Amino acid sequence: MSEQTRLLTPEAEHVAYAAMMLAKGRLVAMPTETVYGLAADARNAQAVAGIYAAKGRPSFNPLIVHAPDLATAETIGIFDASARRLADAFWPGALTLVVPLRHDAGIASLVTAGLDTVAIRVPAHPVAQDLLHAFGGVVAAPSANPSGRISPTSASHVMAGLAGKLAAVLDAGPSPVGVESTIIGWQQGTPRLLRPGGIPAEAIADCLGQPLAAPIADPDRPAAPGMLSSHYAPGAPVRLNADHAKAGEFLIGFGPVAGDISLSPTGDLVEAAARLFDALHRADAAGRPIAIAPIPDHGMGRAINDRLRRAAAPR
Ligand code: TXA
Ligand code: MG
C-alpha cells in the first residue's frame, strides 16, 4: 500500500500534525540525536505491525520504546538502582536500557516480541521531545530504513528508503550523533553491552564502577536479536581496513587516509560517527565497490567498527 508521505519542518503546527498521525495509528519518521526513527504508538498493536511491514523486517525483532522522561519510562519498565543510575547519568541521550517489562503498561506485545523485558530510551533531540510531548504517549521506533540497509541520519535518507510507506517525515537536519544508541541490559544480575553505540562503553562502565560484560550467547535467544548477521548493507561490496583504493573502489577515508570522502580528516571519532551513515549512503550512490580506512576501536570507534563489520558481512 502506498500513501503520500508529507515532509514536515519542526515548527509547532507540523509537530502537532505528526502527533495526530501517531494518535491515528499512522507511522511518522522522527529525528533523534542518533538516527531517524520510524515511530508508531507503542500501545497500538496494528500501528506497530505497520513498522515491520514498512521496513520489510523479516522477523519480529523487539523495538525500542521512546519516552519523554525517566518518570514515564518507569511506568513501562522496572528500574533497579543500577538502571536508575545510568538513566540519571545519560538520559536524555543515546542510551537504551533493557529492563523488566511492566505488563500492565499496555505496550503492544509486538514491541517486545513477547519478551519479559523492554528496551527504553529517552531521546535528547528537541524535536523528538516536542513530538513525544505533543503525542502524550510513548512510541516504538526502530531506525527508519528498509530492513538490513544503511541507517538514516537525514530526512532525505528516510525518503529515499521509505517514501510512500509512512504518513510523514519530520525534517530536523542531520542527526548529530550519527550511530544508534548504546544498548545495556542485565543478565544474571550483571550489566552487559548488548550493542555499542552513541555513548562510549567506557563512560558507562565508569558510571557503574564496574566493567561491562559481554552478552550471554544463546543462539536460540539472542540478547539483542536485531544485532545478528548482515546489516547496514549498501548495495555494493564493502572492504574494511583499506589504506588505499583498489581499481574502481570508492574509498571512505579517516585521518591520514584521505579517500574520495573522509569520515574525519583530523581523525576525530565523534565526527566520524556523525558522518558514517551519510558516507555509506554517498558511497552506495556512487555505485562502485566500497573500501573503508581503518578506524581505531575505542570510544565511538567501537560503535563505528560494529556497524562497518555488519555492512561488510556476507549477505
Ligand atoms: O538510536 C537508536 O537506538 C535508534 C533510534 C531511532 O532510537 N533505534 C534503533 O532501533 O536503533 P532498532 O530497532 O534498529 O534497534 C533496536 C535494538 C535491536 O538490536 C533489538 O534486538 C534490541 O534493540 N532490543 C529491543 N528490545 C530488546 C529486548 N527486550 N531485549 C534485548 N534487545 C532488545
Ligand atoms: Mg536499525
# chains A, B, ... in the order shown; residues from 1 in each chain; ligands from 1
>>> residues_around(residues="A:Gly259", least_positions_apart="5", cutoff="10 Å", atoms="only C-alpha atoms", output="ChimeraX atom specification")
/A:242-245,249-254,265,291-293
>>> residues_around(residues="A:Ala54", least_positions_apart="6", cutoff="10 Å", atoms="only C-alpha atoms", output="PyMOL selection string")
chain A and resi 1-2+27+38+144-147+161-166
>>> write_last_selection(atoms="all heavy atoms", output="mmCIF file, in the first residue's frame")
data_model
loop_
_atom_site.group_PDB
_atom_site.id
_atom_site.type_symbol
_atom_site.label_atom_id
_atom_site.label_comp_id
_atom_site.auth_asym_id
_atom_site.auth_seq_id
_atom_site.Cartn_x
_atom_site.Cartn_y
_atom_site.Cartn_z
ATOM 1 N N MET A 1 0.845 -1.183 0.000
ATOM 2 C CA MET A 1 0.000 0.000 0.000
ATOM 3 C C MET A 1 0.883 1.237 0.000
ATOM 4 O O MET A 1 1.820 1.324 0.767
ATOM 5 C CB MET A 1 -0.904 -0.007 1.229
ATOM 6 C CG MET A 1 -2.058 0.949 1.108
ATOM 7 S SD MET A 1 -3.085 1.009 2.601
ATOM 8 C CE MET A 1 -2.017 1.873 3.750
ATOM 9 N N SER A 2 0.576 2.171 -0.868
ATOM 10 C CA SER A 2 1.377 3.384 -0.936
ATOM 11 C C SER A 2 0.539 4.569 -0.486
ATOM 12 O O SER A 2 -0.659 4.631 -0.746
ATOM 13 C CB SER A 2 1.868 3.589 -2.362
ATOM 14 O OG SER A 2 2.792 4.641 -2.403
ATOM 15 N N LEU A 27 2.337 5.976 10.819
ATOM 16 C CA LEU A 27 3.786 5.986 11.062
ATOM 17 C C LEU A 27 4.376 7.361 10.749
ATOM 18 O O LEU A 27 4.019 7.973 9.736
ATOM 19 C CB LEU A 27 4.487 4.955 10.173
ATOM 20 C CG LEU A 27 4.000 3.512 10.265
ATOM 21 C CD1 LEU A 27 4.810 2.627 9.318
ATOM 22 C CD2 LEU A 27 4.088 2.996 11.690
ATOM 23 N N LEU A 38 11.551 5.297 12.917
ATOM 24 C CA LEU A 38 10.220 5.111 12.313
ATOM 25 C C LEU A 38 9.254 4.842 13.459
ATOM 26 O O LEU A 38 9.182 3.736 13.985
ATOM 27 C CB LEU A 38 10.258 3.927 11.336
ATOM 28 C CG LEU A 38 8.967 3.644 10.573
ATOM 29 C CD1 LEU A 38 8.560 4.835 9.709
ATOM 30 C CD2 LEU A 38 9.123 2.400 9.692
ATOM 31 N N ALA A 144 14.708 4.291 10.750
ATOM 32 C CA ALA A 144 13.744 4.475 9.660
ATOM 33 C C ALA A 144 14.366 4.140 8.303
ATOM 34 O O ALA A 144 14.507 4.999 7.433
ATOM 35 C CB ALA A 144 13.196 5.904 9.673
ATOM 36 N N ASN A 145 14.753 2.872 8.150
ATOM 37 C CA ASN A 145 15.340 2.409 6.889
ATOM 38 C C ASN A 145 14.749 1.046 6.549
ATOM 39 O O ASN A 145 14.302 0.335 7.437
ATOM 40 C CB ASN A 145 16.864 2.265 7.038
ATOM 41 C CG ASN A 145 17.239 1.395 8.225
ATOM 42 O OD1 ASN A 145 17.110 1.821 9.375
ATOM 43 N ND2 ASN A 145 17.666 0.173 7.969
ATOM 44 N N PRO A 146 14.757 0.669 5.252
ATOM 45 C CA PRO A 146 14.345 -0.695 4.921
ATOM 46 C C PRO A 146 15.251 -1.686 5.655
ATOM 47 O O PRO A 146 16.446 -1.415 5.843
ATOM 48 C CB PRO A 146 14.546 -0.776 3.404
ATOM 49 C CG PRO A 146 14.562 0.635 2.930
ATOM 50 C CD PRO A 146 15.148 1.445 4.063
ATOM 51 N N SER A 147 14.676 -2.786 6.090
ATOM 52 C CA SER A 147 15.414 -3.771 6.877
ATOM 53 C C SER A 147 16.730 -4.155 6.213
ATOM 54 O O SER A 147 16.788 -4.413 5.012
ATOM 55 C CB SER A 147 14.541 -5.015 7.037
ATOM 56 O OG SER A 147 15.199 -5.969 7.810
ATOM 57 N N GLY A 161 14.474 5.720 1.241
ATOM 58 C CA GLY A 161 14.212 4.315 1.560
ATOM 59 C C GLY A 161 12.751 3.977 1.773
ATOM 60 O O GLY A 161 12.327 2.856 1.462
ATOM 61 N N LEU A 162 11.967 4.920 2.282
ATOM 62 C CA LEU A 162 10.628 4.553 2.768
ATOM 63 C C LEU A 162 9.488 5.434 2.256
ATOM 64 O O LEU A 162 8.333 5.229 2.672
ATOM 65 C CB LEU A 162 10.599 4.573 4.305
ATOM 66 C CG LEU A 162 11.468 3.543 5.039
ATOM 67 C CD1 LEU A 162 11.365 3.749 6.559
ATOM 68 C CD2 LEU A 162 11.075 2.115 4.684
ATOM 69 N N ALA A 163 9.747 6.413 1.379
ATOM 70 C CA ALA A 163 8.661 7.286 0.906
ATOM 71 C C ALA A 163 7.495 6.433 0.410
ATOM 72 O O ALA A 163 7.700 5.419 -0.247
ATOM 73 C CB ALA A 163 9.161 8.205 -0.211
ATOM 74 N N GLY A 164 6.282 6.841 0.766
ATOM 75 C CA GLY A 164 5.091 6.100 0.350
ATOM 76 C C GLY A 164 4.658 5.063 1.370
ATOM 77 O O GLY A 164 3.582 4.478 1.250
ATOM 78 N N LYS A 165 5.510 4.834 2.368
ATOM 79 C CA LYS A 165 5.187 3.814 3.372
ATOM 80 C C LYS A 165 4.929 4.390 4.751
ATOM 81 O O LYS A 165 4.788 3.648 5.720
ATOM 82 C CB LYS A 165 6.317 2.780 3.437
ATOM 83 C CG LYS A 165 6.456 2.021 2.128
ATOM 84 C CD LYS A 165 7.509 0.965 2.186
ATOM 85 C CE LYS A 165 7.443 0.114 0.916
ATOM 86 N NZ LYS A 165 8.618 -0.730 0.749
ATOM 87 N N LEU A 166 4.924 5.721 4.869
ATOM 88 C CA LEU A 166 4.652 6.350 6.160
ATOM 89 C C LEU A 166 3.944 7.667 5.919
ATOM 90 O O LEU A 166 3.953 8.192 4.804
ATOM 91 C CB LEU A 166 5.942 6.542 6.972
ATOM 92 C CG LEU A 166 6.978 7.567 6.543
ATOM 93 C CD1 LEU A 166 8.073 7.674 7.588
ATOM 94 C CD2 LEU A 166 7.600 7.201 5.213
#
>>> residues_near_ligand(ligand="ligand 2", cutoff="8 Å", atoms="only C-alpha atoms and all ligand atoms", output="PDB file with C-alpha atoms, in the first residue's frame")
ATOM      1  CA  PRO A 142      13.462   1.314  15.017  1.00  0.00           C
ATOM      2  CA  SER A 143      15.759   3.109  12.616  1.00  0.00           C
ATOM      3  CA  ALA A 144      13.744   4.475   9.660  1.00  0.00           C
ATOM      4  CA  ASN A 145      15.340   2.409   6.889  1.00  0.00           C
ATOM      5  CA  SER A 147      15.414  -3.771   6.877  1.00  0.00           C
ATOM      6  CA  GLY A 148      19.108  -4.609   6.529  1.00  0.00           C
ATOM      7  CA  SER A 151      20.510   3.628   8.779  1.00  0.00           C
ATOM      8  CA  GLU A 180      22.340   4.225  17.112  1.00  0.00           C
ATOM      9  CA  GLY A 226      18.416  -7.308  15.712  1.00  0.00           C
ATOM     10  CA  HIS A 231      23.029  -5.186   8.450  1.00  0.00           C
ATOM     11  CA  TYR A 232      23.640  -1.583   7.420  1.00  0.00           C
TER      12      TYR A 232
END
>>> atom_distance(atom1="atom CA of A:Ala113", atom2="atom CA of A:Asp41")
15.5 Å
>>> closest_atom_pairs(of="chain A", to="ligand 1", cutoff="8 Å", atoms="only C-alpha atoms and all ligand atoms", output="Markdown table")
| residue | atom | partner | partner_atom_place_in_ligand_line | distance |
| --- | --- | --- | --- | --- |
| A:Met30 | CA | ligand 1 | 6 (C) | 7.7 |
| A:Pro31 | CA | ligand 1 | 6 (C) | 7.8 |
| A:Thr32 | CA | ligand 1 | 5 (C) | 6.4 |
| A:Glu33 | CA | ligand 1 | 1 (O) | 7.7 |
| A:Thr34 | CA | ligand 1 | 1 (O) | 4.8 |
| A:Val35 | CA | ligand 1 | 5 (C) | 5.4 |
| A:Tyr36 | CA | ligand 1 | 6 (C) | 5.3 |
| A:Gly37 | CA | ligand 1 | 6 (C) | 3.5 |
| A:Leu38 | CA | ligand 1 | 6 (C) | 6.8 |
| A:Ala39 | CA | ligand 1 | 6 (C) | 8.0 |
| A:Asn61 | CA | ligand 1 | 21 (O) | 5.4 |
| A:Pro62 | CA | ligand 1 | 26 (N) | 4.2 |
| A:Leu63 | CA | ligand 1 | 25 (C) | 4.4 |
| A:Ile64 | CA | ligand 1 | 25 (C) | 5.1 |
| A:His66 | CA | ligand 1 | 7 (O) | 7.1 |
| A:Ala94 | CA | ligand 1 | 1 (O) | 6.2 |
| A:Leu95 | CA | ligand 1 | 3 (O) | 7.4 |
| A:Thr96 | CA | ligand 1 | 3 (O) | 6.5 |
| A:Val98 | CA | ligand 1 | 28 (C) | 5.6 |
| A:Val99 | CA | ligand 1 | 29 (N) | 7.4 |
| A:Val111 | CA | ligand 1 | 26 (N) | 7.5 |
| A:Thr112 | CA | ligand 1 | 29 (N) | 5.4 |
| A:Ala113 | CA | ligand 1 | 29 (N) | 7.7 |
| A:Leu115 | CA | ligand 1 | 29 (N) | 5.9 |
| A:Asp116 | CA | ligand 1 | 29 (N) | 7.1 |
| A:Thr117 | CA | ligand 1 | 29 (N) | 4.4 |
| A:Val118 | CA | ligand 1 | 29 (N) | 4.1 |
| A:Ala119 | CA | ligand 1 | 26 (N) | 4.3 |
| A:Ile120 | CA | ligand 1 | 26 (N) | 7.9 |
| A:Arg121 | CA | ligand 1 | 7 (O) | 6.9 |
| A:Pro123 | CA | ligand 1 | 7 (O) | 7.0 |
| A:Ala141 | CA | ligand 1 | 6 (C) | 5.3 |
| A:Pro142 | CA | ligand 1 | 13 (O) | 3.3 |
| A:Ser143 | CA | ligand 1 | 14 (O) | 4.5 |
| A:Ala144 | CA | ligand 1 | 6 (C) | 7.1 |
| A:Val179 | CA | ligand 1 | 1 (O) | 6.6 |
| A:Glu180 | CA | ligand 1 | 1 (O) | 3.3 |
| A:Ser181 | CA | ligand 1 | 1 (O) | 3.7 |
| A:Thr182 | CA | ligand 1 | 3 (O) | 7.0 |
| A:Ile183 | CA | ligand 1 | 23 (O) | 6.8 |
| A:Gly185 | CA | ligand 1 | 31 (C) | 7.0 |
| A:Leu194 | CA | ligand 1 | 32 (N) | 7.1 |
| A:Arg195 | CA | ligand 1 | 19 (O) | 7.0 |
| A:Gly197 | CA | ligand 1 | 1 (O) | 7.7 |
| A:Gly198 | CA | ligand 1 | 1 (O) | 7.6 |
| A:Pro222 | CA | ligand 1 | 31 (C) | 7.6 |
| A:Ala223 | CA | ligand 1 | 31 (C) | 4.9 |
| A:Ala224 | CA | ligand 1 | 32 (N) | 3.5 |
| A:Pro225 | CA | ligand 1 | 21 (O) | 3.9 |
| A:Gly226 | CA | ligand 1 | 19 (O) | 3.6 |
| A:Met227 | CA | ligand 1 | 19 (O) | 4.6 |
>>> write_last_selection(atoms="N, CA and C atoms", output="compact mmCIF listing (two decimals), in the first residue's frame")
# COMPACT_ATOMS: atom_id res chain seq x y z
N MET A 30 10.80 10.24 12.91
CA MET A 30 11.11 11.20 13.97
C MET A 30 12.62 11.41 14.04
N PRO A 31 13.08 12.66 13.99
CA PRO A 31 14.52 12.87 14.15
C PRO A 31 14.93 12.58 15.59
N THR A 32 16.04 11.90 15.76
CA THR A 32 16.62 11.79 17.12
C THR A 32 18.10 12.13 16.98
N GLU A 33 18.79 12.28 18.10
CA GLU A 33 20.20 12.63 18.04
C GLU A 33 21.05 11.50 17.47
N THR A 34 20.54 10.24 17.49
CA THR A 34 21.33 9.12 16.98
C THR A 34 21.06 8.93 15.49
N VAL A 35 19.87 8.45 15.16
CA VAL A 35 19.44 8.29 13.77
C VAL A 35 17.95 8.63 13.73
N TYR A 36 17.37 8.75 12.53
CA TYR A 36 15.93 8.94 12.42
C TYR A 36 15.22 7.63 12.75
N GLY A 37 14.14 7.74 13.53
CA GLY A 37 13.37 6.57 13.92
C GLY A 37 12.04 6.51 13.19
N LEU A 38 11.55 5.30 12.92
CA LEU A 38 10.22 5.11 12.31
C LEU A 38 9.25 4.84 13.46
N ALA A 39 8.51 5.89 13.85
CA ALA A 39 7.75 5.85 15.10
C ALA A 39 6.30 5.45 14.87
N ASN A 61 11.75 -8.70 15.52
CA ASN A 61 12.75 -8.28 16.49
C ASN A 61 12.12 -7.23 17.41
N PRO A 62 12.44 -7.28 18.70
CA PRO A 62 11.84 -6.28 19.59
C PRO A 62 12.33 -4.87 19.25
N LEU A 63 11.49 -3.90 19.55
CA LEU A 63 11.75 -2.50 19.22
C LEU A 63 12.04 -1.69 20.48
N ILE A 64 12.62 -0.51 20.31
CA ILE A 64 12.90 0.39 21.43
C ILE A 64 11.69 1.30 21.64
N HIS A 66 10.35 4.76 23.07
CA HIS A 66 10.88 6.10 23.34
C HIS A 66 9.93 6.85 24.25
N ALA A 94 21.81 9.07 24.13
CA ALA A 94 21.96 7.95 23.20
C ALA A 94 22.18 6.62 23.92
N LEU A 95 21.37 6.38 24.95
CA LEU A 95 21.48 5.14 25.73
C LEU A 95 20.12 4.46 25.80
N THR A 96 20.09 3.16 25.50
CA THR A 96 18.87 2.36 25.65
C THR A 96 19.09 1.34 26.76
N VAL A 98 17.60 -2.05 28.69
CA VAL A 98 16.68 -3.19 28.62
C VAL A 98 16.38 -3.62 30.04
N VAL A 99 15.14 -3.41 30.46
CA VAL A 99 14.72 -3.64 31.86
C VAL A 99 13.47 -4.52 31.87
N VAL A 111 5.92 -5.10 20.28
CA VAL A 111 7.04 -4.21 20.57
C VAL A 111 8.17 -4.98 21.24
N THR A 112 7.82 -5.86 22.19
CA THR A 112 8.83 -6.61 22.94
C THR A 112 9.04 -7.99 22.35
N ALA A 113 8.35 -8.30 21.26
CA ALA A 113 8.41 -9.63 20.65
C ALA A 113 8.11 -10.70 21.70
N LEU A 115 8.88 -10.79 24.81
CA LEU A 115 9.86 -10.97 25.89
C LEU A 115 9.31 -10.38 27.20
N ASP A 116 9.97 -10.73 28.30
CA ASP A 116 9.60 -10.16 29.61
C ASP A 116 10.36 -8.88 29.89
N THR A 117 11.18 -8.45 28.93
CA THR A 117 11.95 -7.22 29.09
C THR A 117 11.51 -6.22 28.03
N VAL A 118 11.84 -4.95 28.27
CA VAL A 118 11.53 -3.90 27.29
C VAL A 118 12.74 -2.98 27.17
N ALA A 119 13.04 -2.59 25.94
CA ALA A 119 14.13 -1.64 25.69
C ALA A 119 13.54 -0.24 25.68
N ILE A 120 14.10 0.66 26.50
CA ILE A 120 13.55 2.02 26.63
C ILE A 120 14.66 3.05 26.46
N ARG A 121 14.30 4.14 25.76
CA ARG A 121 15.25 5.25 25.62
C ARG A 121 14.51 6.57 25.75
N PRO A 123 15.06 10.08 24.32
CA PRO A 123 15.92 10.80 23.37
C PRO A 123 16.12 12.25 23.79
N ALA A 141 10.13 2.76 18.03
CA ALA A 141 10.79 3.28 16.83
C ALA A 141 12.12 2.57 16.58
N PRO A 142 12.17 1.78 15.52
CA PRO A 142 13.46 1.31 15.02
C PRO A 142 14.02 2.38 14.08
N SER A 143 15.22 2.18 13.59
CA SER A 143 15.76 3.11 12.62
C SER A 143 14.86 3.11 11.37
N ALA A 144 14.71 4.29 10.75
CA ALA A 144 13.74 4.47 9.66
C ALA A 144 14.37 4.14 8.30
N VAL A 179 25.24 7.45 15.03
CA VAL A 179 25.08 6.00 15.17
C VAL A 179 24.01 5.74 16.23
N GLU A 180 23.42 4.54 16.19
CA GLU A 180 22.34 4.23 17.11
C GLU A 180 22.81 4.24 18.56
N SER A 181 21.83 4.21 19.45
CA SER A 181 22.11 4.24 20.89
C SER A 181 22.89 3.01 21.34
N THR A 182 23.66 3.19 22.40
CA THR A 182 24.28 2.07 23.10
C THR A 182 23.17 1.33 23.85
N ILE A 183 23.16 0.00 23.77
CA ILE A 183 22.13 -0.78 24.49
C ILE A 183 22.78 -1.55 25.63
N GLY A 185 21.86 -4.13 28.92
CA GLY A 185 20.87 -4.99 29.56
C GLY A 185 21.52 -5.70 30.73
N LEU A 194 24.91 -4.80 25.11
CA LEU A 194 24.20 -5.55 24.07
C LEU A 194 24.46 -4.97 22.68
N ARG A 195 24.73 -3.67 22.63
CA ARG A 195 25.09 -3.05 21.34
C ARG A 195 25.94 -1.82 21.61
N GLY A 197 27.28 1.85 20.87
CA GLY A 197 26.56 2.94 20.19
C GLY A 197 27.04 4.30 20.63
N GLY A 198 26.11 5.25 20.60
CA GLY A 198 26.44 6.66 20.74
C GLY A 198 27.06 7.10 22.06
N PRO A 222 18.94 -14.61 21.11
CA PRO A 222 19.98 -13.59 21.08
C PRO A 222 19.65 -12.46 22.05
N ALA A 223 20.66 -11.91 22.70
CA ALA A 223 20.44 -10.84 23.67
C ALA A 223 19.83 -9.62 23.00
N ALA A 224 20.33 -9.25 21.86
CA ALA A 224 19.76 -8.16 21.07
C ALA A 224 19.56 -8.73 19.67
N PRO A 225 18.40 -9.34 19.44
CA PRO A 225 18.22 -10.14 18.22
C PRO A 225 18.51 -9.37 16.93
N GLY A 226 18.21 -8.08 16.93
CA GLY A 226 18.42 -7.31 15.71
C GLY A 226 19.88 -7.13 15.36
N MET A 227 20.77 -7.56 16.24
CA MET A 227 22.18 -7.31 16.03
C MET A 227 22.87 -8.39 15.20
>>> residues_around(residues="A:Gly77", least_positions_apart="3", cutoff="6 Å", atoms="only C-alpha atoms", output="number ranges by chain")
A: 74, 99-102
>>> write_last_selection(atoms="N, CA, C and O atoms", output="compact mmCIF listing (two decimals), in the first residue's frame")
# COMPACT_ATOMS: atom_id res chain seq x y z
N GLU A 74 9.53 4.81 33.77
CA GLU A 74 9.29 3.94 34.93
C GLU A 74 7.86 3.41 35.00
O GLU A 74 7.57 2.52 35.80
N VAL A 99 15.14 -3.41 30.46
CA VAL A 99 14.72 -3.64 31.86
C VAL A 99 13.47 -4.52 31.87
O VAL A 99 12.79 -4.65 30.84
N PRO A 100 13.12 -5.10 33.02
CA PRO A 100 11.89 -5.91 33.08
C PRO A 100 10.67 -5.08 32.71
O PRO A 100 10.54 -3.92 33.12
N LEU A 101 9.78 -5.68 31.92
CA LEU A 101 8.57 -5.00 31.43
C LEU A 101 7.50 -4.96 32.52
O LEU A 101 7.29 -5.95 33.23
N ARG A 102 6.83 -3.82 32.65
CA ARG A 102 5.60 -3.78 33.44
C ARG A 102 4.47 -4.23 32.53
O ARG A 102 4.10 -3.52 31.59
>>> select_by_dssp(residues="stretch 235-308 of chain A", states="strand (DSSP E or B)", output="list in words")
Val238, Arg239, Phe250, Leu251, Ile252, Gly253, Phe254, Val257, Ile261, Ser262, Ile290, Ala291 and Ile292 of chain A
>>> closest_residue(among="A:Ala23, A:Val138, A:Ala45, A:Ala303", to="A:Ala201", atoms="only C-alpha atoms")
A:Ala303
>>> residues_around(residues="A:Arg282", least_positions_apart="4", cutoff="12 Å", atoms="only C-alpha atoms", output="list in words")
Ile150, Pro152, Ser156, His157, Pro234, Gly235, Ala236, Phe250, Leu251, Ile252, Asp260, Ile261, Ser262, Leu263, Arg275, Leu276, Phe277, Asp278, Ala286, Gly287, Arg288, Pro289 and Ile290 of chain A
>>> residues_around(residues="A:Arg84", least_positions_apart="6", cutoff="10 Å", atoms="only C-alpha atoms", output="list in words")
Leu70, Glu74, Ile78, Phe90, Trp91 and Leu97 of chain A
>>> closest_residue(among="A:Gly267, A:Ala81, A:Val139, A:Glu3", to="A:Ala47", atoms="only C-alpha atoms")
A:Val139
